[in-house]
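Peer 1: Contents of my_file.cif (mmCIF, C-alpha atoms) are given next:
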```
data_upload
loop_
_atom_site.label_atom_id
_atom_site.label_comp_id
_atom_site.auth_asym_id
_atom_site.auth_seq_id
_atom_site.Cartn_x
_atom_site.Cartn_y
_atom_site.Cartn_z
CA MET F 1 -38.03 3.35 11.07
CA ASN F 2 -37.06 2.81 7.43
CA LEU F 3 -37.72 6.05 5.52
CA ARG F 4 -36.17 4.87 2.27
CA PRO F 5 -39.40 3.64 0.54
CA ALA F 6 -41.25 6.87 1.35
CA LEU F 7 -38.28 8.93 0.20
CA THR F 8 -38.09 6.98 -3.04
CA ARG F 9 -41.82 7.57 -3.74
CA ALA F 10 -41.42 11.27 -3.04
CA LEU F 11 -38.49 11.54 -5.44
CA LEU F 12 -40.36 9.69 -8.17
CA GLN F 13 -43.31 12.07 -7.79
CA ALA F 14 -41.05 15.10 -7.90
CA PHE F 15 -39.03 13.76 -10.84
CA PRO F 16 -41.31 11.52 -12.92
CA ARG F 17 -39.59 8.97 -15.10
CA ARG F 18 -39.26 9.60 -18.78
CA SER F 19 -37.53 7.39 -21.29
CA LEU F 20 -34.28 8.78 -22.66
CA THR F 21 -33.25 5.73 -24.65
CA ILE F 22 -32.14 6.99 -28.02
CA SER F 23 -32.74 5.46 -31.38
CA THR F 24 -29.82 3.28 -32.38
CA LYS F 25 -30.42 4.08 -36.04
CA GLU F 26 -28.39 7.28 -35.58
CA LEU F 27 -25.37 5.40 -34.25
CA PRO F 28 -22.65 3.54 -36.13
CA GLU F 29 -23.32 -0.13 -36.62
CA GLY F 30 -22.35 -2.16 -33.56
CA SER F 31 -22.60 0.73 -31.11
CA ARG F 32 -22.54 -0.52 -27.55
CA PHE F 33 -24.07 2.46 -25.73
CA THR F 34 -27.63 3.38 -24.87
CA VAL F 35 -29.17 5.87 -22.46
CA SER F 36 -31.36 4.85 -19.55
CA GLN F 37 -33.15 6.81 -16.86
CA GLN F 38 -29.99 6.62 -14.74
CA GLY F 39 -27.42 7.45 -17.38
CA LEU F 40 -25.17 5.98 -20.06
CA VAL F 41 -25.28 2.19 -20.31
CA ASP F 42 -22.36 0.22 -21.69
CA ASP F 43 -24.15 -2.75 -23.23
CA HIS F 44 -20.93 -4.79 -23.34
CA THR F 45 -20.16 -4.58 -19.61
CA GLY F 46 -23.59 -3.75 -18.20
CA ARG F 47 -22.05 -0.80 -16.35
CA THR F 48 -24.07 2.41 -15.99
CA ILE F 49 -22.42 5.83 -15.87
CA LEU F 50 -24.72 8.32 -14.16
CA HIS F 51 -25.73 11.41 -16.13
CA ILE F 52 -23.81 13.72 -13.78
CA GLU F 53 -20.76 11.44 -13.90
CA SER F 54 -20.64 11.51 -17.67
CA ARG F 55 -20.93 15.31 -17.76
CA ASP F 56 -18.46 15.87 -14.92
CA SER F 57 -15.97 13.56 -16.70
CA CYS F 58 -16.15 15.22 -20.11
CA ARG F 59 -12.75 15.08 -21.83
CA CYS F 60 -13.28 17.74 -24.46
CA ASP F 61 -10.76 20.59 -24.62
CA THR F 62 -13.21 22.96 -22.95
CA CYS F 63 -13.59 20.75 -19.86
CA TRP F 64 -10.24 18.98 -19.72
CA ASN F 65 -6.74 20.48 -19.64
CA ARG F 66 -4.46 18.16 -21.61
CA HIS F 67 -1.34 19.90 -20.33
CA SER F 68 -2.12 19.29 -16.66
CA ASN F 69 -4.32 16.16 -17.07
CA GLN F 70 -6.87 17.84 -14.79
CA TYR F 71 -10.44 19.08 -15.04
CA ARG F 72 -10.83 22.80 -15.62
CA SER F 73 -13.90 23.06 -13.37
CA ASN F 74 -16.14 21.07 -11.02
CA TYR F 75 -19.52 20.44 -12.69
CA LYS F 76 -22.39 20.89 -10.23
CA ASP F 77 -25.72 20.68 -12.10
CA GLY F 78 -27.26 17.49 -10.72
CA ASN F 79 -30.23 17.70 -13.11
CA VAL F 80 -28.17 17.38 -16.30
CA LYS F 81 -29.14 14.54 -18.66
CA ILE F 82 -27.59 12.88 -21.69
CA VAL F 83 -29.83 13.67 -24.67
CA ASP F 84 -27.83 12.11 -27.50
CA VAL F 85 -25.09 9.56 -28.14
CA ILE F 86 -23.45 10.95 -31.25
CA ARG F 87 -20.84 8.30 -31.95
CA SER F 88 -18.16 6.18 -30.29
CA ASP F 89 -14.58 5.38 -31.23
CA ALA F 90 -11.71 3.40 -29.75
CA ASN F 91 -11.30 5.46 -26.58
CA PHE F 92 -14.30 7.81 -26.29
CA VAL F 93 -18.06 8.00 -26.64
CA HIS F 94 -19.20 11.40 -27.93
CA LEU F 95 -22.27 12.81 -26.16
CA GLU F 96 -24.64 15.75 -26.01
CA TRP F 97 -26.16 16.82 -22.69
CA SER F 98 -29.31 18.72 -21.75
CA ASP F 99 -27.27 21.86 -20.97
CA GLY F 100 -26.35 22.04 -24.67
CA HIS F 101 -22.76 20.89 -24.20
CA VAL F 102 -21.21 18.46 -26.68
CA GLY F 103 -18.17 16.52 -25.56
CA GLN F 104 -16.69 13.08 -24.98
CA TYR F 105 -16.54 10.52 -22.18
CA ALA F 106 -13.45 8.26 -21.92
CA ILE F 107 -14.30 4.54 -22.08
CA THR F 108 -10.80 2.98 -21.90
CA PRO F 109 -7.75 3.40 -19.64
CA GLU F 110 -5.96 4.96 -22.61
CA GLY F 111 -8.69 7.56 -22.87
CA VAL F 112 -8.75 8.22 -19.13
CA TYR F 113 -5.03 8.20 -18.37
CA GLY F 114 -3.38 8.84 -21.72
CA ASN F 115 -5.73 11.31 -23.41
CA GLY F 116 -6.29 8.64 -26.04
CA THR F 117 -2.68 8.87 -27.25
CA LYS F 118 -0.46 7.26 -24.57
CA PRO F 119 -0.44 3.72 -23.19
CA ALA F 120 -2.19 3.20 -19.87
CA PRO F 121 -1.42 0.87 -16.96
CA SER F 122 -3.27 -2.43 -16.91
CA ASP F 123 -6.19 -2.86 -14.54
CA GLU F 124 -4.31 -5.73 -12.90
CA ASP F 125 -1.24 -3.58 -12.18
CA VAL F 126 -3.46 -0.87 -10.72
CA LYS F 127 -5.08 -3.40 -8.37
CA VAL F 128 -1.67 -4.70 -7.28
CA THR F 129 -0.55 -1.18 -6.34
CA LEU F 130 -3.82 -0.65 -4.44
CA ARG F 131 -3.04 -3.70 -2.26
CA GLU F 132 -5.88 -5.68 -3.79
CA ARG F 133 -3.71 -8.54 -5.09
CA LEU F 134 -1.61 -9.48 -2.06
CA GLU F 135 -0.06 -12.94 -2.12
CA LEU F 136 0.16 -14.35 1.41
CA TRP F 137 3.20 -16.39 2.39
CA PRO F 138 2.80 -20.09 3.12
CA GLN F 139 2.65 -21.03 6.78
CA GLN F 140 6.21 -22.38 6.63
CA PRO F 141 8.16 -20.28 4.13
CA GLN F 142 11.34 -21.76 2.74
CA PRO F 143 14.27 -19.87 1.18
CA HIS F 144 13.39 -20.93 -2.34
CA CYS F 145 9.60 -21.08 -2.32
CA GLY F 146 7.58 -19.24 -4.95
CA PHE F 147 7.51 -15.70 -3.62
CA LEU F 148 11.28 -15.64 -2.98
CA ALA F 149 12.43 -17.65 -5.98
CA LYS F 150 12.78 -14.43 -7.94
CA GLN F 151 15.76 -12.50 -6.62
CA TRP F 152 17.11 -9.68 -8.72
CA ASP F 153 20.67 -9.05 -9.86
CA TRP F 154 21.53 -5.35 -9.75
CA GLU F 155 23.22 -5.12 -13.16
CA GLU F 156 20.38 -6.93 -14.91
CA LEU F 157 17.76 -4.95 -13.00
CA VAL F 158 18.93 -1.45 -13.92
CA LYS F 159 19.53 -2.18 -17.59
CA GLU F 160 15.97 -1.26 -18.48
CA LYS F 161 13.07 0.44 -16.74
CA GLU F 162 10.74 -2.54 -17.16
CA GLY F 163 12.99 -4.64 -14.91
CA VAL F 164 12.57 -2.23 -12.01
CA ARG F 165 8.83 -2.06 -12.63
CA GLN F 166 8.46 -5.83 -12.47
CA MET F 167 10.55 -5.99 -9.29
CA LEU F 168 8.32 -3.40 -7.62
CA LEU F 169 5.17 -5.27 -8.66
CA HIS F 170 6.64 -8.41 -7.06
CA PHE F 171 7.40 -6.43 -3.90
CA MET F 172 3.88 -5.05 -3.72
CA LYS F 173 2.36 -8.54 -4.04
CA TYR F 174 4.60 -10.39 -1.57
CA GLY F 175 5.80 -7.61 0.73
CA ILE F 176 9.49 -8.32 0.15
CA ALA F 177 12.08 -8.22 -2.64
CA PHE F 178 15.82 -8.93 -2.69
CA ILE F 179 18.39 -7.25 -4.94
CA HIS F 180 21.93 -8.66 -5.00
CA GLY F 181 25.18 -7.16 -6.24
CA VAL F 182 24.53 -3.50 -5.51
CA PRO F 183 27.87 -1.64 -5.99
CA LYS F 184 29.51 -0.98 -2.63
CA GLU F 185 30.12 2.69 -3.35
CA LYS F 186 26.40 3.30 -3.76
CA GLY F 187 24.42 5.01 -1.02
CA LEU F 188 20.72 4.47 -0.42
CA ARG F 189 19.73 7.97 -1.48
CA ASP F 190 21.19 7.50 -4.95
CA ILE F 191 19.92 3.92 -5.20
CA VAL F 192 16.32 4.85 -4.37
CA ASN F 193 16.05 8.31 -5.89
CA LYS F 194 18.15 7.85 -9.03
CA ASP F 195 18.83 4.23 -9.95
CA LEU F 196 15.43 2.75 -9.00
CA ALA F 197 13.66 6.11 -9.45
CA CYS F 198 11.08 5.25 -6.80
CA GLY F 199 11.81 8.06 -4.35
CA PRO F 200 11.96 10.49 -2.81
CA ILE F 201 13.15 8.93 0.42
CA TRP F 202 11.09 9.88 3.44
CA ASP F 203 12.82 11.94 6.11
CA THR F 204 12.16 10.64 9.64
CA ILE F 205 13.49 11.37 13.11
CA PHE F 206 16.51 9.29 12.05
CA GLY F 207 17.26 11.53 9.07
CA THR F 208 17.09 10.82 5.35
CA SER F 209 18.96 7.57 5.86
CA SER F 210 20.88 6.12 8.79
CA GLU F 211 23.49 3.48 9.52
CA VAL F 212 22.76 0.51 11.77
CA LYS F 213 25.76 -0.96 13.56
CA ALA F 214 26.56 -2.20 17.05
CA VAL F 215 27.76 0.52 19.44
CA ALA F 216 28.33 0.70 23.17
CA ASN F 217 25.46 2.07 25.26
CA ALA F 218 23.15 1.96 22.26
CA SER F 219 20.36 4.57 22.15
CA ASN F 220 18.24 2.11 20.15
CA GLU F 221 17.92 -1.66 20.51
CA ALA F 222 18.71 -2.01 16.80
CA TYR F 223 22.21 -0.59 17.48
CA SER F 224 23.23 -3.47 19.73
CA ASN F 225 24.44 -6.96 18.85
CA ASP F 226 21.54 -8.60 20.73
CA TYR F 227 18.75 -10.71 19.33
CA LEU F 228 16.17 -8.29 17.92
CA GLU F 229 12.59 -9.56 17.90
CA ALA F 230 10.46 -9.23 14.79
CA HIS F 231 8.89 -5.78 14.64
CA ILE F 232 7.46 -3.00 12.51
CA ASP F 233 9.39 0.27 12.36
CA LEU F 234 8.10 3.65 13.58
CA PRO F 235 4.63 2.55 14.81
CA TYR F 236 4.24 5.80 16.76
CA TYR F 237 3.90 7.79 13.52
CA THR F 238 0.35 8.70 12.46
CA GLN F 239 1.23 6.99 9.19
CA PRO F 240 4.30 4.79 9.56
CA PRO F 241 6.40 4.65 6.39
CA SER F 242 5.06 1.87 4.22
CA VAL F 243 8.35 0.99 2.51
CA PHE F 244 11.54 0.05 4.34
CA PHE F 245 14.83 -0.07 2.41
CA PHE F 246 17.38 -2.28 4.20
CA TYR F 247 20.83 -2.23 2.58
CA CYS F 248 23.61 -4.54 3.70
CA LYS F 249 26.83 -2.64 3.02
CA HIS F 250 29.15 -5.01 4.88
CA ASN F 251 28.59 -8.23 6.83
CA THR F 252 31.35 -10.58 7.95
CA SER F 253 30.24 -11.05 11.57
CA MET F 254 29.43 -14.41 13.13
CA GLY F 255 25.65 -14.76 13.44
CA GLY F 256 23.32 -11.85 12.86
CA GLU F 257 21.01 -13.62 10.40
CA SER F 258 18.04 -11.49 9.32
CA PHE F 259 14.53 -12.87 9.34
CA TRP F 260 11.10 -11.73 8.19
CA VAL F 261 7.51 -12.70 8.98
CA ASP F 262 4.34 -12.11 6.95
CA THR F 263 1.96 -10.87 9.65
CA PHE F 264 -0.95 -10.66 7.20
CA SER F 265 -0.70 -14.40 6.58
CA ILE F 266 -0.67 -15.12 10.33
CA LEU F 267 -3.53 -12.69 10.99
CA GLU F 268 -5.74 -14.28 8.34
CA ARG F 269 -5.26 -17.66 10.00
CA LEU F 270 -5.98 -16.05 13.37
CA ARG F 271 -9.21 -14.57 11.99
CA VAL F 272 -10.41 -18.13 11.30
CA THR F 273 -9.06 -19.99 14.34
CA HIS F 274 -9.48 -17.31 17.03
CA PRO F 275 -11.95 -14.66 15.82
CA ASP F 276 -12.21 -13.16 19.33
CA TYR F 277 -8.44 -12.58 19.38
CA PHE F 278 -8.53 -11.07 15.90
CA LEU F 279 -11.33 -8.72 16.91
CA ALA F 280 -9.51 -7.63 20.07
CA LEU F 281 -6.41 -6.73 18.05
CA THR F 282 -8.50 -4.60 15.69
CA ARG F 283 -10.41 -2.76 18.44
CA THR F 284 -8.08 -2.16 21.39
CA LYS F 285 -5.78 0.82 20.94
CA VAL F 286 -2.15 0.63 22.03
CA THR F 287 0.18 3.58 22.63
CA PHE F 288 3.71 3.75 21.19
CA HIS F 289 6.33 6.40 21.83
CA ALA F 290 9.80 7.58 20.83
CA PHE F 291 11.83 9.59 23.32
CA SER F 292 15.22 7.89 23.46
CA PRO F 293 18.06 10.04 24.87
CA GLY F 294 19.89 9.35 21.64
CA LEU F 295 17.26 11.25 19.66
CA ASP F 296 17.85 14.97 20.04
CA LYS F 297 14.76 16.84 21.24
CA VAL F 298 12.31 14.13 20.13
CA PHE F 299 9.15 12.97 21.89
CA ILE F 300 6.58 11.33 19.59
CA THR F 301 3.56 9.39 20.81
CA GLY F 302 0.54 7.85 19.14
CA THR F 303 -2.30 5.48 20.00
CA TYR F 304 -3.66 3.02 17.43
CA PRO F 305 -5.14 -0.49 17.15
CA SER F 306 -2.53 -3.18 16.49
CA VAL F 307 -4.42 -4.32 13.39
CA GLU F 308 -6.04 -1.82 11.03
CA LEU F 309 -8.66 -2.94 8.50
CA ASN F 310 -9.79 -1.28 5.28
CA ASP F 311 -13.42 -0.68 4.31
CA SER F 312 -13.76 -4.21 2.92
CA GLY F 313 -12.53 -5.77 6.17
CA SER F 314 -9.13 -6.82 4.85
CA VAL F 315 -6.03 -6.31 6.99
CA TYR F 316 -4.45 -3.05 5.89
CA ARG F 317 -1.71 -2.29 8.40
CA TYR F 318 -0.09 -3.86 11.47
CA ARG F 319 1.83 -2.04 14.24
CA ASP F 320 4.16 -3.72 16.73
CA LEU F 321 7.45 -2.54 18.20
CA PHE F 322 7.99 -4.07 21.62
CA PHE F 323 10.55 -1.57 22.92
CA ALA F 324 8.41 1.42 21.91
CA ARG F 325 5.13 0.23 23.45
CA ASP F 326 3.93 2.58 26.21
CA ASN F 327 2.41 0.21 28.77
CA TYR F 328 2.00 3.04 31.30
CA GLN F 329 -0.34 4.88 28.96
CA PHE F 330 -2.01 1.63 27.94
CA VAL F 331 -2.93 0.90 31.58
CA ASN F 332 -4.23 4.45 32.08
CA ASP F 333 -6.37 4.48 28.94
CA VAL F 334 -7.86 1.00 28.57
CA PRO F 335 -10.16 -0.88 31.01
CA VAL F 336 -8.61 -3.91 32.66
CA GLU F 337 -10.98 -6.47 31.07
CA GLU F 338 -10.21 -5.14 27.61
CA ARG F 339 -6.47 -5.12 28.32
CA ALA F 340 -6.59 -8.70 29.59
CA LEU F 341 -8.18 -9.93 26.35
CA TRP F 342 -5.73 -7.88 24.26
CA TRP F 343 -2.75 -9.40 26.06
CA GLU F 344 -4.16 -12.90 25.58
CA ALA F 345 -4.61 -12.22 21.86
CA TYR F 346 -1.26 -10.47 21.46
CA LEU F 347 0.75 -13.18 23.20
CA TYR F 348 -0.90 -15.83 21.07
CA LEU F 349 -0.05 -13.83 17.95
CA ARG F 350 3.55 -13.32 19.10
CA LYS F 351 3.88 -17.07 19.60
CA GLN F 352 3.08 -17.49 15.90
CA VAL F 353 5.38 -14.65 14.87
CA ASP F 354 8.31 -15.95 16.96
CA ASN F 355 7.94 -19.51 15.67
CA GLU F 356 10.99 -19.98 13.42
CA ALA F 357 8.99 -22.24 11.14
CA HIS F 358 6.90 -19.19 10.20
CA GLN F 359 9.94 -17.04 9.46
CA LEU F 360 11.99 -16.50 6.34
CA GLU F 361 15.67 -16.34 7.33
CA GLN F 362 18.75 -15.27 5.41
CA LYS F 363 22.19 -14.00 6.33
CA LEU F 364 22.55 -10.94 4.16
CA GLN F 365 25.68 -10.59 2.09
CA SER F 366 27.44 -7.32 1.32
CA GLY F 367 25.70 -5.51 -1.53
CA THR F 368 22.22 -6.92 -0.84
CA LEU F 369 19.25 -4.55 -0.72
CA VAL F 370 15.95 -5.74 0.74
CA LEU F 371 12.65 -3.91 0.15
CA ILE F 372 10.21 -4.59 2.99
CA ASP F 373 6.52 -3.70 3.29
CA ASN F 374 6.65 -2.01 6.69
CA TRP F 375 2.87 -2.24 7.15
CA ARG F 376 2.88 -6.00 6.65
CA VAL F 377 6.23 -7.80 6.96
CA MET F 378 7.97 -7.75 10.34
CA HIS F 379 11.76 -7.91 10.38
CA GLY F 380 14.24 -9.00 13.02
CA ARG F 381 17.82 -10.10 13.60
CA LYS F 382 19.55 -12.89 15.43
CA GLU F 383 22.33 -12.17 17.89
CA PHE F 384 25.80 -11.75 16.42
CA VAL F 385 29.24 -11.97 18.00
CA PRO F 386 30.78 -8.52 18.54
CA ASN F 387 34.24 -7.95 17.08
CA SER F 388 33.91 -11.13 15.01
CA GLY F 389 33.81 -9.08 11.84
CA GLY F 390 32.02 -6.02 10.55
CA ARG F 391 28.26 -5.59 10.21
CA LEU F 392 27.05 -2.33 8.69
CA MET F 393 23.54 -1.70 7.38
CA GLU F 394 22.07 1.46 5.87
CA VAL F 395 18.33 1.99 6.18
CA ALA F 396 15.82 4.44 4.77
CA TYR F 397 12.08 4.72 4.28
CA GLY F 398 9.80 5.44 1.37
CA ASP F 399 6.15 5.98 0.53
CA TRP F 400 4.01 3.35 -1.21
CA ASN F 401 2.51 5.91 -3.57
CA HIS F 402 5.92 6.87 -4.94
CA LEU F 403 6.54 3.23 -5.83
CA GLN F 404 3.02 3.05 -7.23
CA SER F 405 3.80 5.95 -9.55
CA ARG F 406 6.99 4.22 -10.69
CA VAL F 407 4.96 1.10 -11.55
CA LEU F 408 1.96 2.72 -13.26
CA TYR F 409 3.43 5.63 -15.21
CA GLN F 410 3.76 4.75 -18.87
CA GLU F 411 6.45 6.33 -21.05
#
```
Starting from the file, lay out its structure as structure tokens.

Peer 2:
Amino acid sequence: MNLRPALTRALLQAFPRRSLTISTKELPEGSRFTVSQQGLVDDHTGRTILHIESRDSCRCDTCWNRHSNQYRSNYKDGNVKIVDVIRSDANFVHLEWSDGHVGQYAITPEGVYGNGTKPAPSDEDVKVTLRERLELWPQQPQPHCGFLAKQWDWEELVKEKEGVRQMLLHFMKYGIAFIHGVPKEKGLRDIVNKDLACGPIWDTIFGTSSEVKAVANASNEAYSNDYLEAHIDLPYYTQPPSVFFFYCKHNTSMGGESFWVDTFSILERLRVTHPDYFLALTRTKVTFHAFSPGLDKVFITGTYPSVELNDSGSVYRYRDLFFARDNYQFVNDVPVEERALWWEAYLYLRKQVDNEAHQLEQKLQSGTLVLIDNWRVMHGRKEFVPNSGGRLMEVAYGDWNHLQSRVLYQE
């Protein structure tokens, strides 16, 4: 039963409409704001700001703390109305409300984020950092196609802050960025926290940062010289780190080429060609775990769908680490028919992921740092010949929001 029409009639009876549109003769010539039953109307954009929103967002010194850039209180009178539009200027419209308060509502990013005095990030940059402007890789990526054509030189990059900002925007769009010529004496902690200023680095069960090299009786498949299938790191975490810093400190071994795959691009094609597979990957939950003997006193487990969607239905995060998948728990938790469909979907997806034509491959040189979107871009490694030379990588993790802050904050 749809109760909405009856509820609407009841509300209209309880709160009869009355016109609050003010006379424009009191406003400066060319004013773009009027007041409707719902609230403040921007006649240029057609956007309506509800009465309560305008009052709750007042940026006068009584309501807004300019030292903390935070509201001083949470306004809770839902019956408040705008009674007058006094004037408007470049960044604010000045209003009077039915509770007798006179203040100002910010109408530009500069007014909202810079108190009307500092520059504000562009709307486009904000959308990029919110993952709303992702650029999917072509089905057959090549080493010099558009998204990879821009590779950064360390010395040029760190000369000015805008260079780092543009590199991070590129990374957020394409899920990967390469920096060449990083000084060999640099460690990842200083690179991320100081030079790029996009930290702090996330601590994980592997520490603040860790070295990846081939060792005997490896406690992790990454520490061998074997072929390492494309994967996402730390899928057993409730929120896996979104940023993966992969730093090649030394690489003279035979083989060992790195490769990357844009899973979002493959999943979007799967959504069209095999919607039943796509749906199975978004619904069936898989368990991952970490309890390697090489990890001291660690046992982490978590159960999640392979593909996570946001509220708009776009792919938001992918999880897949073959050697950490807990098939025992999967069998115990999920009905056989559902598991059978998941396996059919997963194996089809892996066929696309493992197809070398869908991979971007590069043998990393010493001093190369790769930023990888660990929710989107899978990474792997080809087998290399042991004792054919040295191969030493340093890895660390970061949080997307820290990079977002580095991109959006305006000096």

Peer 1: Please determine, counting all atoms listed in the file, which residue among F:Ala340, F:Ala90, F:Val212, F:Val85 has the shortest atom-to-atom distance to Tyr247 of chain F.

Peer 2: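 Looking at the shortest contact to Tyr247 of chain F, the residue is F:Val212.
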
Peer 1: Using the chain letters and numbers from the file, give me the residues hit by the PyMOL selection byres ((chain F and resi 395-402) around 7), as a list in words.

Peer 2: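 Going through the file, the PyMOL selection byres ((chain F and resi 395-402) around 7) ends up selecting Cys198, Gly199, Pro200, Ile201, Trp202, Thr208, Ser209, Ser210, Glu211, Pro241, Ser242, Val243, Phe244, Phe245, Phe246, Tyr247, Met393, Glu394, Leu403, Gln404, Ser405 and Arg406 of chain F.
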
Peer 1: Work out how far atom CA of Phe278 of chain F is from atom CA of Tyr236 of chain F, in Å to one decimal.

Peer 2: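 Here the two named atoms are 21.2 Å from each other.
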
Peer 1: Return as a list in words the set of residues that the PyMOL selection byres ((chain F and resi 231) around 6) yields on the displayed structure.

Peer 2: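 Taken over the shown coordinates, the PyMOL selection byres ((chain F and resi 231) around 6) returns Ala230, Ile232, Asp320, Leu321, Met378 and His379 of chain F.
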
Peer 1: Kindly resolve the PyMOL selection byres ((chain F and resi 255) around 10) on the present coordinates and return the residues as a list in words.

Peer 2: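 Going through the file, the PyMOL selection byres ((chain F and resi 255) around 10) ends up selecting Asn225, Tyr227, Asn251, Thr252, Ser253, Met254, Gly256, Glu257, Ser258, Lys363, Arg381, Lys382, Glu383, Phe384, Val385, Pro386 and Ser388 of chain F.
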
Peer 1: Could you give me, as a short mmCIF file (atom, residue, chain, number, x, y, z; two decimals) with C-alpha atoms, in the coordinates of the input, the residues within 12 Å of Arg131 of chain F, counting only C-alpha atoms and dropping anything in the same chain fewer than 4 positions from it?

Peer 2:
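Output contents, as saved in around-v3.cif:
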```cif
data_model
loop_
_atom_site.label_atom_id
_atom_site.label_comp_id
_atom_site.auth_asym_id
_atom_site.auth_seq_id
_atom_site.Cartn_x
_atom_site.Cartn_y
_atom_site.Cartn_z
CA GLU F 124 -4.31 -5.73 -12.90
CA ASP F 125 -1.24 -3.58 -12.18
CA VAL F 126 -3.46 -0.87 -10.72
CA LYS F 127 -5.08 -3.40 -8.37
CA GLU F 135 -0.06 -12.94 -2.12
CA LEU F 136 0.16 -14.35 1.41
CA LEU F 169 5.17 -5.27 -8.66
CA HIS F 170 6.64 -8.41 -7.06
CA PHE F 171 7.40 -6.43 -3.90
CA MET F 172 3.88 -5.05 -3.72
CA LYS F 173 2.36 -8.54 -4.04
CA TYR F 174 4.60 -10.39 -1.57
CA GLY F 175 5.80 -7.61 0.73
CA SER F 242 5.06 1.87 4.22
CA PHE F 264 -0.95 -10.66 7.20
CA ASN F 310 -9.79 -1.28 5.28
CA SER F 312 -13.76 -4.21 2.92
CA SER F 314 -9.13 -6.82 4.85
CA VAL F 315 -6.03 -6.31 6.99
CA TYR F 316 -4.45 -3.05 5.89
CA ARG F 317 -1.71 -2.29 8.40
CA ASP F 373 6.52 -3.70 3.29
CA TRP F 375 2.87 -2.24 7.15
CA ARG F 376 2.88 -6.00 6.65
CA TRP F 400 4.01 3.35 -1.21
CA ASN F 401 2.51 5.91 -3.57
CA GLN F 404 3.02 3.05 -7.23
#
```

Peer 1: Would you work out the distance separating atom CA of Lys76 of chain F from atom CA of Thr48 of chain F, expressed in Å to one decimal?

Peer 2: 19.4 Å

Peer 1: Fewer than 2 positions away in the same chain doesn't count, so skip those; otherwise give me all residues within 6 Å of segment 54-61 of chain F, counting all atoms listed in the file, as a PDB file with C-alpha atoms, in the coordinates of the input.

Peer 2:
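New file part-v5.pdb:
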```pdb
ATOM      1  CA  HIS F  51     -25.730  11.410 -16.130  1.00  0.00           C
ATOM      2  CA  ILE F  52     -23.810  13.720 -13.780  1.00  0.00           C
ATOM      3  CA  CYS F  63     -13.590  20.750 -19.860  1.00  0.00           C
ATOM      4  CA  TRP F  64     -10.240  18.980 -19.720  1.00  0.00           C
ATOM      5  CA  TYR F  75     -19.520  20.440 -12.690  1.00  0.00           C
ATOM      6  CA  GLY F 103     -18.170  16.520 -25.560  1.00  0.00           C
ATOM      7  CA  GLN F 104     -16.690  13.080 -24.980  1.00  0.00           C
ATOM      8  CA  TYR F 105     -16.540  10.520 -22.180  1.00  0.00           C
TER       9      TYR F 105
END
```

Peer 1: Given all atoms listed in the file as the basis, pick out the residue of F:Val35, F:Val93, F:Leu369, F:Ile176 nearest to Leu50 of chain F.

Peer 2: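 Of F:Val35, F:Val93, F:Leu369, F:Ile176, the one nearest Leu50 of chain F, counting all atoms listed in the file, is F:Val35.
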
Peer 1: Taking (-8.1, 3.4, 26.8) as a centre in this file's frame and 10 Å as the limit, can you find every polymer residue with an atom that close, using all atoms listed in the file, and give them as a list of chain:residue names?

Peer 2: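 These residues have at least one counted atom within 10 Å: F:Thr284, F:Lys285, F:Val286, F:Thr287, F:Thr303, F:Gln329, F:Phe330, F:Val331, F:Asn332, F:Asp333, F:Val334, F:Pro335, F:Val336, F:Glu338, F:Arg339.
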
Peer 1: Mind checking which residues fall within 6 Å of segment 81-84 of chain F, counting only C-alpha atoms, ignoring those fewer than 5 positions away in the same chain, and posting them as a list of chain:residue names?

Peer 2: F:His51, F:Leu95, F:Glu96, F:Trp97, F:Ser98

Peer 1: Write out as a PyMOL selection string which residues come within 9 Å of Asp43 of chain F when counting all atoms listed in the file, dropping same-chain ones fewer than 5 positions away.

Peer 2: chain F and resi 31-34+48

Peer 1: Convert the current residue selection to file output with C-alpha atoms, as an mmCIF file, in the frame of the given file.

Peer 2:
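What landed in out.cif:
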```cif
data_model
loop_
_atom_site.group_PDB
_atom_site.id
_atom_site.type_symbol
_atom_site.label_atom_id
_atom_site.label_comp_id
_atom_site.auth_asym_id
_atom_site.auth_seq_id
_atom_site.Cartn_x
_atom_site.Cartn_y
_atom_site.Cartn_z
ATOM 1 C CA SER F 31 -22.600 0.730 -31.110
ATOM 2 C CA ARG F 32 -22.540 -0.520 -27.550
ATOM 3 C CA PHE F 33 -24.070 2.460 -25.730
ATOM 4 C CA THR F 34 -27.630 3.380 -24.870
ATOM 5 C CA THR F 48 -24.070 2.410 -15.990
#
```

Peer 1: At what distance in Å, to one decimal, does atom CA of Glu132 of chain F lie from atom CA of Arg165 of chain F?

Peer 2: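 These atoms are spaced 17.5 Å apart.
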
Peer 1: Go through F:Ile205, F:Glu268, F:Leu295, F:Gly181 and flag the residue nearest Ser366 of chain F, using all atoms listed in the file for the distances.

Peer 2: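 Closest to Ser366 of chain F of all the choices is F:Gly181.
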
Peer 1: Which of these, F:Phe288, F:Phe92, F:Phe259, F:Trp342, has the shortest distance to Arg319 of chain F once you count all atoms listed in the file?

Peer 2: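 Using all atoms listed in the file, the shortest distance to Arg319 of chain F belongs to F:Phe288.
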
Peer 1: Would you list the contacts of Asp296 of chain F as an MDAnalysis selection string, taking every protein, DNA or RNA residue within 10 Å and counting only C-alpha atoms, but skipping same-chain residues closer than 3 positions in sequence?

Peer 2: chainID F and resid 205:206 291:293 299

Peer 1: For the selection you just gave me, I'd like the residues written to a file as a short mmCIF file (atom, residue, chain, number, x, y, z; two decimals), keeping the file's coordinate frame, keeping C-alpha atoms.

Peer 2:
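Listing of out-v9.cif after writing:
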```cif
data_model
loop_
_atom_site.label_atom_id
_atom_site.label_comp_id
_atom_site.auth_asym_id
_atom_site.auth_seq_id
_atom_site.Cartn_x
_atom_site.Cartn_y
_atom_site.Cartn_z
CA ILE F 205 13.49 11.37 13.11
CA PHE F 206 16.51 9.29 12.05
CA PHE F 291 11.83 9.59 23.32
CA SER F 292 15.22 7.89 23.46
CA PRO F 293 18.06 10.04 24.87
CA PHE F 299 9.15 12.97 21.89
#
```
